[in-house]
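To be precise, the following lines are model34.cif, and they hold mmCIF, C-alpha atoms (C1' of nucleotides).
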data_final
loop_
_atom_site.label_atom_id
_atom_site.label_comp_id
_atom_site.auth_asym_id
_atom_site.auth_seq_id
_atom_site.Cartn_x
_atom_site.Cartn_y
_atom_site.Cartn_z
CA MET A 1330 0.00 0.00 0.00
CA ASN A 1331 1.07 3.52 -0.74
CA GLU A 1332 2.71 4.58 2.52
CA GLU A 1333 1.39 8.12 2.21
CA VAL A 1334 -2.27 7.20 2.56
CA GLY A 1335 -2.14 4.53 5.28
CA ASP A 1336 -3.33 6.87 8.02
CA PHE A 1337 -6.15 8.13 5.82
CA LEU A 1338 -7.38 4.61 5.23
CA LYS A 1339 -7.08 3.77 8.91
CA ALA A 1340 -9.18 6.81 9.82
CA VAL A 1341 -11.85 5.84 7.30
CA ASN A 1342 -12.02 2.26 8.57
CA ASN A 1343 -12.25 3.62 12.07
CA LEU A 1344 -15.69 5.00 11.19
CA SER A 1345 -16.87 2.30 8.82
CA VAL A 1346 -15.05 -0.82 7.74
CA LEU A 1347 -14.76 -0.64 3.96
CA SER A 1348 -15.26 -3.57 1.68
CA GLU A 1349 -12.16 -4.84 -0.11
CA GLN A 1350 -13.31 -3.43 -3.42
CA ALA A 1351 -14.13 -0.06 -1.92
CA THR A 1352 -10.73 0.01 -0.25
CA SER A 1353 -8.75 -0.63 -3.40
CA GLU A 1354 -10.78 1.84 -5.43
CA LEU A 1355 -10.40 4.44 -2.70
CA LEU A 1356 -6.64 3.96 -2.62
CA GLU A 1357 -6.43 4.65 -6.33
CA CYS A 1358 -8.09 8.02 -5.83
CA VAL A 1359 -6.41 9.48 -2.75
CA ARG A 1360 -3.84 12.14 -3.53
CA THR A 1361 -1.22 13.79 -1.39
CA LYS A 1362 0.05 17.35 -1.23
CA LYS A 1363 2.40 19.25 1.04
CA TYR A 1364 1.80 22.77 2.30
CA MET A 1365 4.17 25.19 3.99
CA LYS A 1366 3.24 27.07 7.13
CA GLY A 1367 1.08 30.00 6.05
CA ASP A 1368 -0.12 28.39 2.83
CA VAL A 1369 -3.79 28.62 1.98
CA ILE A 1370 -5.24 25.15 1.49
CA HIS A 1371 -8.52 26.39 0.09
CA GLU A 1372 -9.95 29.83 -0.24
CA GLU A 1373 -13.13 31.63 0.72
CA GLY A 1374 -15.28 32.44 -2.30
CA LYS A 1375 -13.96 29.58 -4.41
CA LEU A 1376 -15.53 26.20 -4.92
CA CYS A 1377 -13.67 23.42 -3.16
CA ARG A 1378 -15.35 20.05 -2.86
CA ASN A 1379 -12.40 17.96 -1.70
CA LEU A 1380 -12.42 15.83 1.38
CA PHE A 1381 -9.15 16.63 3.14
CA PHE A 1382 -7.23 14.62 5.70
CA ILE A 1383 -4.36 16.08 7.70
CA LYS A 1384 -1.62 13.50 7.90
CA THR A 1385 0.76 15.83 9.73
CA GLY A 1386 0.50 19.45 10.80
CA LEU A 1387 -2.11 21.91 12.01
CA ALA A 1388 -4.64 24.05 10.15
CA LYS A 1389 -7.46 26.50 10.84
CA HIS A 1390 -10.81 27.32 9.26
CA PHE A 1391 -11.16 31.10 9.20
CA TYR A 1392 -12.77 34.03 7.44
CA TYR A 1393 -12.84 37.78 7.64
CA HIS A 1394 -15.73 39.95 8.71
CA LYS A 1395 -15.41 43.72 8.79
CA GLY A 1396 -11.65 43.48 8.80
CA SER A 1397 -11.35 41.06 11.70
CA GLN A 1398 -10.45 37.43 11.41
CA PHE A 1399 -12.67 34.76 12.95
CA ILE A 1400 -11.71 31.13 13.40
CA PHE A 1401 -14.16 28.40 14.05
CA ARG A 1402 -12.15 25.24 13.99
CA PHE A 1403 -8.61 23.96 14.34
CA PHE A 1404 -7.56 20.68 12.74
CA GLU A 1405 -4.60 18.65 13.89
CA GLU A 1406 -3.03 15.55 12.39
CA ASP A 1407 -5.31 12.56 11.80
CA HIS A 1408 -8.42 14.64 11.19
CA PHE A 1409 -10.67 15.12 8.19
CA PHE A 1410 -11.98 18.47 7.09
CA ILE A 1411 -13.99 20.01 4.28
CA ALA A 1412 -15.15 23.40 3.05
CA THR A 1413 -18.61 22.74 4.39
CA ASP A 1414 -20.77 24.87 2.15
CA SER A 1415 -18.90 23.82 -0.96
CA PHE A 1416 -18.89 20.19 -0.02
CA PHE A 1417 -22.53 19.94 1.01
CA LYS A 1418 -24.18 22.49 -1.21
CA ASN A 1419 -21.84 23.03 -4.14
CA LEU A 1420 -21.52 26.72 -3.21
CA PRO A 1421 -18.41 28.90 -3.01
CA ALA A 1422 -16.69 28.22 0.30
CA ASP A 1423 -17.64 30.63 3.05
CA TYR A 1424 -14.29 30.30 4.76
CA SER A 1425 -10.67 29.55 4.02
CA THR A 1426 -8.35 26.95 5.48
CA LEU A 1427 -4.75 27.83 6.21
CA ALA A 1428 -1.78 25.73 7.30
CA LEU A 1429 -0.60 26.89 10.73
CA GLU A 1430 2.36 24.52 10.45
CA ASP A 1431 3.91 22.63 7.56
CA CYS A 1432 1.29 20.08 6.59
CA THR A 1433 1.09 16.86 4.65
CA ILE A 1434 -2.45 16.49 3.39
CA ASN A 1435 -4.30 13.65 1.73
CA TYR A 1436 -7.38 14.51 -0.23
CA LEU A 1437 -10.11 13.02 -2.30
CA LEU A 1438 -11.75 14.86 -5.19
CA TYR A 1439 -15.47 15.30 -4.79
CA ASP A 1440 -16.33 13.35 -7.91
CA ASP A 1441 -14.42 10.40 -6.55
CA PHE A 1442 -16.07 10.84 -3.17
CA GLU A 1443 -19.54 10.92 -4.66
CA ARG A 1444 -18.81 7.96 -6.92
CA LEU A 1445 -17.53 5.92 -4.00
CA CYS A 1446 -20.61 6.89 -2.00
CA ASN A 1447 -22.94 5.72 -4.72
CA LYS A 1448 -21.00 2.60 -5.56
CA TYR A 1449 -20.15 1.29 -2.11
CA HIS A 1450 -22.58 1.20 0.75
CA SER A 1451 -19.69 0.87 3.20
CA PHE A 1452 -18.24 4.12 1.93
CA GLU A 1453 -21.56 5.93 2.09
CA SER A 1454 -21.75 4.73 5.67
CA PHE A 1455 -18.32 6.25 6.36
CA ALA A 1456 -19.55 9.47 4.79
CA ARG A 1457 -22.60 9.59 7.03
CA LYS A 1458 -20.54 8.98 10.16
CA PHE A 1459 -17.93 11.55 9.16
CA VAL A 1460 -20.63 14.15 8.59
CA SER A 1461 -22.13 13.23 11.97
CA VAL A 1462 -18.86 14.16 13.63
CA VAL A 1463 -18.87 17.49 11.79
CA ALA A 1464 -22.39 18.16 13.04
CA SER A 1465 -21.65 17.09 16.62
CA THR A 1466 -18.60 19.29 16.86
CA ALA A 1467 -20.36 22.29 15.39
CA ILE A 1468 -23.27 21.92 17.80
CA SER A 1469 -20.97 21.57 20.77
CA ASN A 1470 -19.14 24.74 19.77
CA LEU A 1471 -22.45 26.46 19.12
CA LYS A 1472 -23.69 25.65 22.61
CA GLY A 1473 -20.45 26.95 24.08
CA LEU A 1474 -20.80 30.27 22.31
CA LEU A 1475 -24.42 30.60 23.34
CA TYR A 1476 -24.21 30.19 27.06
CA LEU A 1477 -20.60 30.83 28.04
CA ASP A 1478 -18.93 34.18 28.58
CA ALA A 1479 -15.37 34.80 27.43
CA THR A 1480 -13.80 33.15 30.49
CA GLY A 1481 -16.03 30.11 30.18
CA ARG A 1482 -15.20 29.74 26.53
CA TYR A 1483 -11.48 29.94 27.27
CA ASN A 1484 -11.82 27.19 29.86
CA LYS A 1485 -13.75 25.07 27.39
CA PHE A 1486 -11.01 25.69 24.85
CA LEU A 1487 -8.36 24.57 27.34
CA LYS A 1488 -10.29 21.40 28.05
CA GLU A 1489 -10.89 20.49 24.41
CA TYR A 1490 -7.85 21.92 22.69
CA GLY A 1491 -5.46 22.14 25.64
CA HIS A 1492 -3.04 19.76 23.98
CA LEU A 1493 -2.74 22.23 21.10
CA GLN A 1494 -2.29 25.32 23.26
CA GLN A 1495 1.43 25.66 22.60
CA ARG A 1496 0.88 25.36 18.87
CA ILE A 1497 -1.82 28.05 18.64
CA SER A 1498 -1.07 31.75 19.09
CA LEU A 1499 -3.01 33.99 21.45
CA GLY A 1500 -4.36 35.94 18.50
CA ASP A 1501 -5.70 32.79 16.87
CA THR A 1502 -7.12 31.58 20.15
CA ALA A 1503 -8.96 34.88 20.63
CA ALA A 1504 -10.29 34.74 17.05
CA PHE A 1505 -11.55 31.24 17.80
CA LEU A 1506 -13.27 32.33 21.00
CA GLY A 1507 -14.84 35.34 19.32
CA ILE A 1508 -13.27 37.85 21.68
CA SER A 1509 -10.56 40.47 21.34
CA GLN A 1510 -6.93 39.61 21.87
CA VAL A 1511 -6.83 42.11 24.71
CA SER A 1512 -9.75 40.49 26.45
CA LEU A 1513 -8.12 37.07 26.25
CA SER A 1514 -4.89 38.44 27.64
CA ARG A 1515 -6.83 39.85 30.59
CA ILE A 1516 -8.50 36.50 31.20
CA ARG A 1517 -5.19 34.69 31.11
CA SER A 1518 -3.55 37.08 33.56
CA LYS A 1519 -6.29 36.53 36.13
CA LYS A 1520 -5.45 32.85 36.50
CA MET B 1053 -50.52 4.85 1.93
CA ASN B 1054 -51.05 5.86 5.52
CA GLU B 1055 -52.11 9.50 5.20
CA GLU B 1056 -50.27 10.47 8.36
CA VAL B 1057 -46.81 9.76 7.03
CA GLY B 1058 -47.07 11.08 3.47
CA ASP B 1059 -45.21 14.30 4.22
CA PHE B 1060 -42.49 12.38 6.02
CA LEU B 1061 -41.93 10.18 3.02
CA LYS B 1062 -41.97 13.14 0.68
CA ALA B 1063 -39.29 14.88 2.77
CA VAL B 1064 -37.13 11.75 2.73
CA ASN B 1065 -37.42 11.36 -1.03
CA ASN B 1066 -36.58 15.00 -1.39
CA LEU B 1067 -33.08 14.21 -0.12
CA SER B 1068 -32.63 10.76 -1.61
CA VAL B 1069 -35.06 8.81 -3.73
CA LEU B 1070 -35.73 5.58 -1.88
CA SER B 1071 -35.98 2.21 -3.56
CA GLU B 1072 -39.40 0.62 -3.58
CA GLN B 1073 -38.43 -1.93 -0.99
CA ALA B 1074 -36.89 0.68 1.28
CA THR B 1075 -40.03 2.78 0.97
CA SER B 1076 -42.40 0.03 1.99
CA GLU B 1077 -40.22 -1.09 4.88
CA LEU B 1078 -39.87 2.51 6.03
CA LEU B 1079 -43.62 3.02 5.96
CA GLU B 1080 -44.11 0.04 8.23
CA CYS B 1081 -41.86 1.62 10.84
CA VAL B 1082 -42.92 5.27 10.96
CA ARG B 1083 -45.09 6.12 13.95
CA THR B 1084 -47.16 9.17 14.74
CA LYS B 1085 -47.77 11.01 17.99
CA LYS B 1086 -49.51 14.23 18.93
CA TYR B 1087 -48.19 16.72 21.44
CA MET B 1088 -49.90 19.65 23.12
CA LYS B 1089 -48.37 23.09 23.34
CA GLY B 1090 -45.90 22.97 26.22
CA ASP B 1091 -45.31 19.21 26.05
CA VAL B 1092 -41.76 17.92 26.23
CA ILE B 1093 -40.98 15.79 23.21
CA HIS B 1094 -37.70 14.47 24.57
CA GLU B 1095 -35.75 15.37 27.64
CA GLU B 1096 -32.23 16.44 28.49
CA GLY B 1097 -30.34 13.74 30.33
CA LYS B 1098 -32.31 10.88 28.83
CA LEU B 1099 -31.40 8.75 25.88
CA CYS B 1100 -33.50 9.48 22.81
CA ARG B 1101 -32.41 8.05 19.49
CA ASN B 1102 -35.51 8.71 17.44
CA LEU B 1103 -35.52 10.56 14.18
CA PHE B 1104 -38.40 13.03 14.46
CA PHE B 1105 -40.34 14.81 11.75
CA ILE B 1106 -42.69 17.70 12.47
CA LYS B 1107 -45.79 17.26 10.37
CA THR B 1108 -47.51 20.28 11.91
CA GLY B 1109 -46.56 22.70 14.64
CA LEU B 1110 -43.45 24.36 16.02
CA ALA B 1111 -40.80 23.16 18.49
CA LYS B 1112 -37.56 24.31 20.09
CA HIS B 1113 -34.29 22.67 21.16
CA PHE B 1114 -33.33 24.13 24.54
CA TYR B 1115 -31.46 23.49 27.76
CA TYR B 1116 -30.72 25.21 31.01
CA HIS B 1117 -27.41 26.58 32.17
CA LYS B 1118 -27.10 28.27 35.54
CA GLY B 1119 -30.81 28.81 35.72
CA SER B 1120 -31.20 30.45 32.32
CA GLN B 1121 -32.72 28.85 29.30
CA PHE B 1122 -30.85 28.74 26.01
CA ILE B 1123 -32.33 27.79 22.68
CA PHE B 1124 -30.30 26.83 19.68
CA ARG B 1125 -32.84 25.79 17.11
CA PHE B 1126 -36.48 26.16 16.17
CA PHE B 1127 -38.23 23.58 14.04
CA GLU B 1128 -41.32 24.26 12.05
CA GLU B 1129 -43.56 21.90 10.09
CA ASP B 1130 -41.91 19.73 7.45
CA HIS B 1131 -38.57 19.51 9.23
CA PHE B 1132 -36.60 16.64 10.75
CA PHE B 1133 -34.87 16.86 14.09
CA ILE B 1134 -32.96 14.61 16.48
CA ALA B 1135 -31.39 14.75 19.92
CA THR B 1136 -27.96 15.08 18.38
CA ASP B 1137 -25.72 13.59 21.04
CA SER B 1138 -28.07 10.71 21.67
CA PHE B 1139 -28.59 10.03 18.01
CA PHE B 1140 -24.96 10.23 16.95
CA LYS B 1141 -23.13 9.02 20.04
CA ASN B 1142 -25.66 7.06 22.04
CA LEU B 1143 -25.26 9.47 24.96
CA PRO B 1144 -27.92 11.08 27.14
CA ALA B 1145 -29.38 14.04 25.27
CA ASP B 1146 -27.72 17.34 26.13
CA TYR B 1147 -30.88 19.30 25.43
CA SER B 1148 -34.65 18.94 25.45
CA THR B 1149 -37.20 19.56 22.74
CA LEU B 1150 -40.50 21.19 23.58
CA ALA B 1151 -43.64 21.80 21.55
CA LEU B 1152 -44.24 25.55 21.22
CA GLU B 1153 -47.55 24.82 19.53
CA ASP B 1154 -49.71 21.73 19.26
CA CYS B 1155 -47.68 19.34 17.12
CA THR B 1156 -48.23 16.24 15.09
CA ILE B 1157 -44.97 14.36 14.93
CA ASN B 1158 -43.81 11.37 12.93
CA TYR B 1159 -40.86 9.44 14.24
CA LEU B 1160 -38.65 6.50 13.52
CA LEU B 1161 -37.04 4.42 16.27
CA TYR B 1162 -33.28 4.31 16.09
CA ASP B 1163 -33.10 0.58 15.65
CA ASP B 1164 -35.32 0.87 12.61
CA PHE B 1165 -33.28 3.81 11.36
CA GLU B 1166 -30.01 1.91 11.69
CA ARG B 1167 -31.46 -1.22 10.14
CA LEU B 1168 -32.77 0.74 7.17
CA CYS B 1169 -29.37 2.41 6.82
CA ASN B 1170 -27.57 -0.91 6.73
CA LYS B 1171 -30.09 -2.63 4.53
CA TYR B 1172 -30.78 0.03 1.93
CA HIS B 1173 -28.11 2.12 0.33
CA SER B 1174 -30.72 4.66 -0.74
CA PHE B 1175 -31.74 5.15 2.89
CA GLU B 1176 -28.16 5.49 4.07
CA SER B 1177 -27.80 8.14 1.42
CA PHE B 1178 -30.81 9.97 2.83
CA ALA B 1179 -29.24 9.71 6.27
CA ARG B 1180 -25.99 11.23 5.06
CA LYS B 1181 -27.77 14.10 3.37
CA PHE B 1182 -29.98 14.75 6.37
CA VAL B 1183 -26.96 14.87 8.66
CA SER B 1184 -25.29 17.24 6.18
CA VAL B 1185 -28.15 19.66 6.63
CA VAL B 1186 -27.79 19.43 10.41
CA ALA B 1187 -24.07 20.21 10.08
CA SER B 1188 -24.59 23.09 7.63
CA THR B 1189 -27.19 24.73 9.82
CA ALA B 1190 -25.11 24.38 12.96
CA ILE B 1191 -22.06 25.88 11.25
CA SER B 1192 -24.07 28.78 9.89
CA ASN B 1193 -25.43 29.53 13.37
CA LEU B 1194 -21.96 29.09 14.83
CA LYS B 1195 -20.54 31.67 12.46
CA GLY B 1196 -23.32 34.08 13.35
CA LEU B 1197 -22.62 33.81 17.04
CA LEU B 1198 -18.91 34.23 16.49
CA TYR B 1199 -18.79 37.43 14.55
CA LEU B 1200 -22.08 39.20 15.10
CA ASP B 1201 -23.08 41.33 18.04
CA ALA B 1202 -26.60 41.20 19.48
CA THR B 1203 -28.06 43.53 16.84
CA GLY B 1204 -26.44 41.62 14.01
CA ARG B 1205 -27.73 38.34 15.36
CA TYR B 1206 -31.23 39.72 15.60
CA ASN B 1207 -31.09 40.86 11.99
CA LYS B 1208 -29.83 37.44 10.94
CA PHE B 1209 -32.69 35.90 12.89
CA LEU B 1210 -35.20 38.10 11.10
CA LYS B 1211 -33.76 37.11 7.76
CA GLU B 1212 -33.73 33.37 8.45
CA TYR B 1213 -36.66 32.94 10.78
CA GLY B 1214 -38.62 36.07 9.96
CA HIS B 1215 -41.59 34.02 8.80
CA LEU B 1216 -41.78 32.52 12.30
CA GLN B 1217 -41.47 35.81 14.16
CA GLN B 1218 -45.13 36.01 15.15
CA ARG B 1219 -45.04 32.45 16.45
CA ILE B 1220 -41.98 32.89 18.67
CA SER B 1221 -42.06 34.97 21.87
CA LEU B 1222 -39.53 37.67 22.64
CA GLY B 1223 -38.19 35.61 25.52
CA ASP B 1224 -37.57 32.62 23.27
CA THR B 1225 -36.03 34.82 20.61
CA ALA B 1226 -33.62 36.28 23.16
CA ALA B 1227 -32.73 32.81 24.44
CA PHE B 1228 -32.00 31.79 20.86
CA LEU B 1229 -29.77 34.81 20.26
CA GLY B 1230 -27.90 34.27 23.51
CA ILE B 1231 -28.78 37.70 24.90
CA SER B 1232 -31.05 38.92 27.66
CA GLN B 1233 -34.68 39.71 27.06
CA VAL B 1234 -34.02 43.29 28.09
CA SER B 1235 -31.23 43.64 25.58
CA LEU B 1236 -33.44 42.35 22.79
CA SER B 1237 -36.21 44.72 23.77
CA ARG B 1238 -33.68 47.60 23.55
CA ILE B 1239 -32.59 46.49 20.09
CA ARG B 1240 -36.15 46.25 18.86
CA SER B 1241 -37.07 49.70 20.13
CA LYS B 1242 -34.15 51.30 18.25
CA LYS B 1243 -35.57 50.26 14.89
"C1'" DG C 308 -65.57 42.76 33.68
"C1'" DA C 309 -62.30 42.19 37.46
"C1'" DA C 310 -58.53 39.62 38.93
"C1'" DA C 311 -54.77 37.03 37.89
"C1'" DT C 312 -51.22 35.85 34.90
"C1'" DC C 313 -48.01 36.32 31.35
"C1'" DC C 314 -45.23 38.98 28.16
"C1'" DT C 315 -42.80 43.18 26.91
"C1'" DT C 316 -40.78 47.63 27.81
"C1'" DT C 317 -38.39 50.92 30.54
"C1'" DT C 318 -35.17 52.60 34.03
"C1'" DA C 319 -30.99 52.77 36.72
"C1'" DC C 320 -26.93 50.87 37.78
"C1'" DA C 321 -23.14 47.23 37.54
"C1'" DA C 322 -20.14 44.32 35.04
"C1'" DA C 323 -17.99 42.64 30.93
"C1'" DT C 324 -15.91 43.40 26.71
"C1'" DG C 325 -14.22 46.35 22.89
"C1'" DT C 326 -10.99 49.95 21.07
"C1'" DT C 327 -6.87 52.34 20.75
"C1'" DA C 328 -2.38 53.10 21.92
"C1'" DA C 329 1.83 52.14 23.95
"C1'" DA C 330 5.07 49.39 26.44
"C1'" DA C 331 7.17 44.99 27.24
"C1'" DA C 332 8.57 40.53 25.97
"C1'" DG C 333 9.83 37.20 22.76
"C1'" DT C 334 11.60 35.68 17.91
"C1'" DT C 335 14.08 35.83 13.78
"C1'" DA C 336 17.40 37.36 10.61
"C1'" DT C 337 21.65 39.29 9.62
"C1'" DA D 75 24.90 40.97 19.40
"C1'" DT D 76 21.95 44.01 17.23
"C1'" DA D 77 18.20 45.35 14.65
"C1'" DA D 78 13.78 44.39 12.85
"C1'" DC D 79 9.73 42.20 13.52
"C1'" DT D 80 6.06 39.78 15.85
"C1'" DT D 81 3.42 38.60 19.81
"C1'" DT D 82 1.65 39.54 24.31
"C1'" DT D 83 0.58 42.53 28.09
"C1'" DT D 84 -0.97 46.71 30.22
"C1'" DA D 85 -3.54 51.02 30.60
"C1'" DA D 86 -7.35 54.29 29.90
"C1'" DC D 87 -11.59 55.04 28.26
"C1'" DA D 88 -16.00 54.05 25.55
"C1'" DT D 89 -19.61 50.97 24.55
"C1'" DT D 90 -22.34 47.05 25.00
"C1'" DT D 91 -24.77 43.94 27.58
"C1'" DG D 92 -26.47 42.08 31.99
"C1'" DT D 93 -29.30 42.36 36.32
"C1'" DA D 94 -33.04 43.69 39.09
"C1'" DA D 95 -37.10 46.00 39.76
"C1'" DA D 96 -41.08 48.35 38.32
"C1'" DA D 97 -44.54 49.65 35.09
"C1'" DG D 98 -47.37 48.95 31.17
"C1'" DG D 99 -50.01 45.82 27.86
"C1'" DA D 100 -52.16 41.87 26.56
"C1'" DT D 101 -54.46 37.60 27.48
"C1'" DT D 102 -56.79 34.18 30.21
"C1'" DT D 103 -59.76 32.67 33.81
"C1'" DC D 104 -63.42 32.81 36.70
#
Could you express the structure from this file as structure tokens?
Amino acid sequence: MNEEVGDFLKAVNNLSVLSEQATSELLECVRTKKYMKGDVIHEEGKLCRNLFFIKTGLAKHFYYHKGSQFIFRFFEEDHFFIATDSFFKNLPADYSTLALEDCTINYLLYDDFERLCNKYHSFESFARKFVSVVASTAISNLKGLLYLDATGRYNKFLKEYGHLQQRISLGDTAAFLGISQVSLSRIRSKK
Amino acid sequence: MNEEVGDFLKAVNNLSVLSEQATSELLECVRTKKYMKGDVIHEEGKLCRNLFFIKTGLAKHFYYHKGSQFIFRFFEEDHFFIATDSFFKNLPADYSTLALEDCTINYLLYDDFERLCNKYHSFESFARKFVSVVASTAISNLKGLLYLDATGRYNKFLKEYGHLQQRISLGDTAAFLGISQVSLSRIRSKK
DNA sequence: GAAATCCTTTTACAAATGTTAAAAAGTTAT
DNA sequence: ATAACTTTTTAACATTTGTAAAAGGATTTC
């Protein structure tokens, strides 16, 4: 097996065990690309229907609103991600994804994804479970933003992303929490 | 066909056209229940793995935190909903759903749902697409909470749920926006 | 139709967060 | 080691939002 896509396949099988046929057809489709720290992996406003998998590195989903940057998700190694609106609705992406560290990324073109979904029940099942994780995470974050104040959100961040704290800057953390950098600095200093 | 589940079936086929076999097996499983205004449809802390469909009426997802109620979704007629954490992860629900008006609800037990998923590719495909909608909606709301202030969120609410405005109280609207009732009243009066 | 109840608005004050600017600390490149 | 640059902290002030209490409207119940 192509060494570069082993982790990808493992992550897929972790959600739904693929049939042999599905596995070999999937392996033929998966591509690999490397990004340098600071590179844009996909861009707001453009269509991007790939299913991405971070083999190594760290990335963020972000977008700009009135000149400020907002982040709503970090992705570390061994995680899938997509440009949600593009992927689900075939619309221009409403956010960009940027490599916060050098990244090695596996990806699957949408046409291949859709074909595998239609052809192999086991792959469609993976797709459903992957999307479930996307929904669960978004809802959890949504709840956090609804009922927690800035301090509460920071604590939630530490609990869920604590292991990434050293790899994420204060500015990016603040943009993720939806508060100003200054406010986050104040919160930190009170501890 | 059982008249009570026609809309349910139509909504399913709208996402993925079911095979004949899948359709007839689905129809055997769908149940119907009526709720009065104020009734709890499923409760925080309890397992609830049903897939619900509102045939008529209006409902809200809500939960309490430190004595205050927070709402993160309204559901009107012709919409599916689930207790996300229960449905996806087999955990106790982390929110309740309550009928804001008298409701007629169709629902599918999880075991039937899962069996239909495994047995019929066309139903698994429906499941994937349904979950995609859940994810898309959650992410859209998440973005709104991240970058909009109270006024901006209210405007977004009017745009997306404007047609429901007369059916939703100010208190529930405020709980949905994550702001106090007083603050919402202030915003309204400025218009 | 009066009383009771619920929902919305208003007021006054307190607390949290934002904005701007500047200083301090930390990093990187030469 | 120094300079240039980036990130984080601190300070001062403005604005937004929250809280609590009271008043005003609307609706329901008897």
| Distance-based interface of chain A with chain D, 9 Å, counting only C-alpha atoms (C1' of nucleotides), as a count of residues only | 8
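Every residue that the PyMOL selection byres ((chain A) within 8 of (chain B)) selects in this file is listed here: A:His1394, A:Phe1399, A:Phe1401, A:Thr1413, A:Asp1414, A:Phe1417, A:His1450, A:Glu1453, A:Ser1454, A:Ala1456, A:Arg1457, A:Lys1458, A:Val1460, A:Ser1461, A:Val1462, A:Val1463, A:Ala1464, A:Ser1465, A:Ala1467, A:Ile1468, A:Asn1470, A:Leu1471, A:Lys1472, A:Leu1474, A:Leu1475, A:Tyr1476, A:Leu1506, A:Gly1507.
Atom C1' of C:DT337 is found 22.2 Å from atom CA of A:Lys1366.
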| task | Take the PyMOL selection byres ((chain B and resi 1093) around 7), apply it to the structure above, and return the hits as an MDAnalysis selection string. | result | chainID B and resid 1091:1092 1094:1095 1149:1151
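Rounded to one decimal, atom CA of A:Asn1379 and atom CA of A:Phe1442 lie 8.1 Å from each other.
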| task | Name every residue that the PyMOL selection byres ((chain C) within 10 of (chain A)) selects in this structure, writing the answer as a list of chain:residue names with chains first and numbers rising. | result | C:DA323, C:DT324, C:DG325, C:DT326
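Between atom CA of A:Phe1409 and atom CA of A:Thr1480 there is a distance of 28.8 Å.
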